[in-house]
Every structure is written in C-alpha cells, then in structure tokens.
Amino acid sequence: MGYLKTLTNGILKENPVLVLMLGMCPSLAVTTVAKSGIGMGIATTFVLLGSNIVISLIKNLIPKAVRLPSFIVIIAGFVTMVGFLVEAYAPQLNKDLGIFLPLIVVNCIILARAEIFASQNGTVKSILDALGMGIGFTLALFLMGSVRELIGSGTWLGMTVTKELVEPMKFFVTPAGGFFTLGIIIAVVNFLTHKKPSEKNGCHGCPSADACAKVSE
C-alpha cells in the first residue's frame, strides 16, 4: 500500500465512522455542536498518532501473549496526556466532552488500528495511517456536529445562523436525532461514492479484510 493511499484511506474509503462504523459512542454523544466534534476528533487523532508510533517502534519487543494489554496501556498513557492538556488549556472543551474524553482509551478505532496496522507495519506508514484515520474521524464528527447544531439550535460554531429565521428542531440535539443524522449522512456518502452492497457476507465485503487476514496468520 502506497504512502498516499495509506494517508487517504481513512478519510473516505475506510472512514472509521461512516464506513467501518467504529467509535459510535463518542460520535453520537458529543456531536450536538460542531465545536465539540472537532475537539473530540483532534484529541482522538493525537492519541491515535502517539499510540501508532510507539506500537510500530516496539512491536517486536512485545510478547504475543500480552499484546493487547500492552496496547491498551500505551493508549491509556496518551489519553492521560490529552486529558491533562485539555483540562489545562481548554477547560470549556474538557467540560463539554466530559466522561467521553477519558473514554478515548476504549475507543475501538484506536485499538483496531494498533492491532490491524501499527503492529504490522513500519513507523512512517503507521503515522500516515493514524493521520488519515484521525482526519476522517474528525471530519465525520465535524459534519455531524454541524448538521445537528445548525438544524437543532440554529447556530454554527457558536454563531447565530438560522435561529432568528427558523424555529430550531430540538429533535436533532437529542440522542435519537444523532442516530437519524448519522444514518442520513451515511446514506448520502454511499450515494455519492456509488457504493453498492456486497453480495457476499462476512469478511468478503469489509474494506479491512486484507489487513485482518494478515493479523490472523
């Protein structure tokens, strides 16, 4: 896989939220406003980048029997760093993200990339993979947050847009509105990319099938 393909893969083709359906909990919980979506995306990208780098560097030193626990410890270390930084320099964002900031440690996107990619590839490709997945995750959350904030509150990034013109639809800032918005965005992305449902079941229709096959060998 070329460097450019590795970088762009997570933005659309294997977008962690819109295609792989990973990280659903923070994607639905913190996207009531666009700003929180950006904050969660950047924080997750930082953890993803740091953990991918470290894991790719020490992958040959980690015994197979304790591979996953080791990955989680590394990820938890970076999540702790992010938590301290956000609390010190962005207290309002820390308040908005709440419990979902420390819960990045169990975000399946990060552990999946550690297991499927960083532990199987070199540092440069692991960095590009982390950046691509992080950008894709951030864009998905920003898009969801923008739609929900604009329609549900009549604002965007804190600025009044349609609030004085149209009555906001509060449904979009509820959990049900989050699921509805996600479903509509996924449908639009599938339509624009002309993605057709696979006729095969199981791993054959998954974009990460090749990577998973390497891990299981």
# chains A, B, ... in the order shown; residues from 1 in each chain; ligands from 1
$ residues_around --residues "Ile58 of chain A" --least-positions-apart "4" --cutoff "12 Å" --atoms "only C-alpha atoms" --output "PyMOL selection string"
chain A and resi 51-54+62-63+67+70-71+74+114+118-123
$ residues_around --residues "segment 159-170 of chain A" --least-positions-apart "5" --cutoff "12 Å" --atoms "only C-alpha atoms" --output "list of chain:residue names"
A:Thr32, A:Val33, A:Ala34, A:Lys35, A:Ser146, A:Val147, A:Arg148, A:Glu149, A:Leu150, A:Ile151, A:Gly152, A:Ser153, A:Gly154, A:Pro175, A:Ala176, A:Gly177, A:Gly178
$ select_by_dssp --residues "segment 87-121 of chain A" --states "alpha helix (DSSP H)" --output "JSON, numbers by chain"
{"A": [87, 88, 89, 91, 92, 93, 94, 95, 96, 97, 108, 109, 110, 111, 112, 113]}
$ closest_residue --among "A:Ile38, A:Ile110, A:Val105, A:Val73" --to "Leu93 of chain A" --atoms "only C-alpha atoms"
A:Ile38
$ closest_residue --among "A:Ile135, A:Val30, A:Leu48, A:Ala140" --to "Phe100 of chain A" --atoms "only C-alpha atoms"
A:Val30
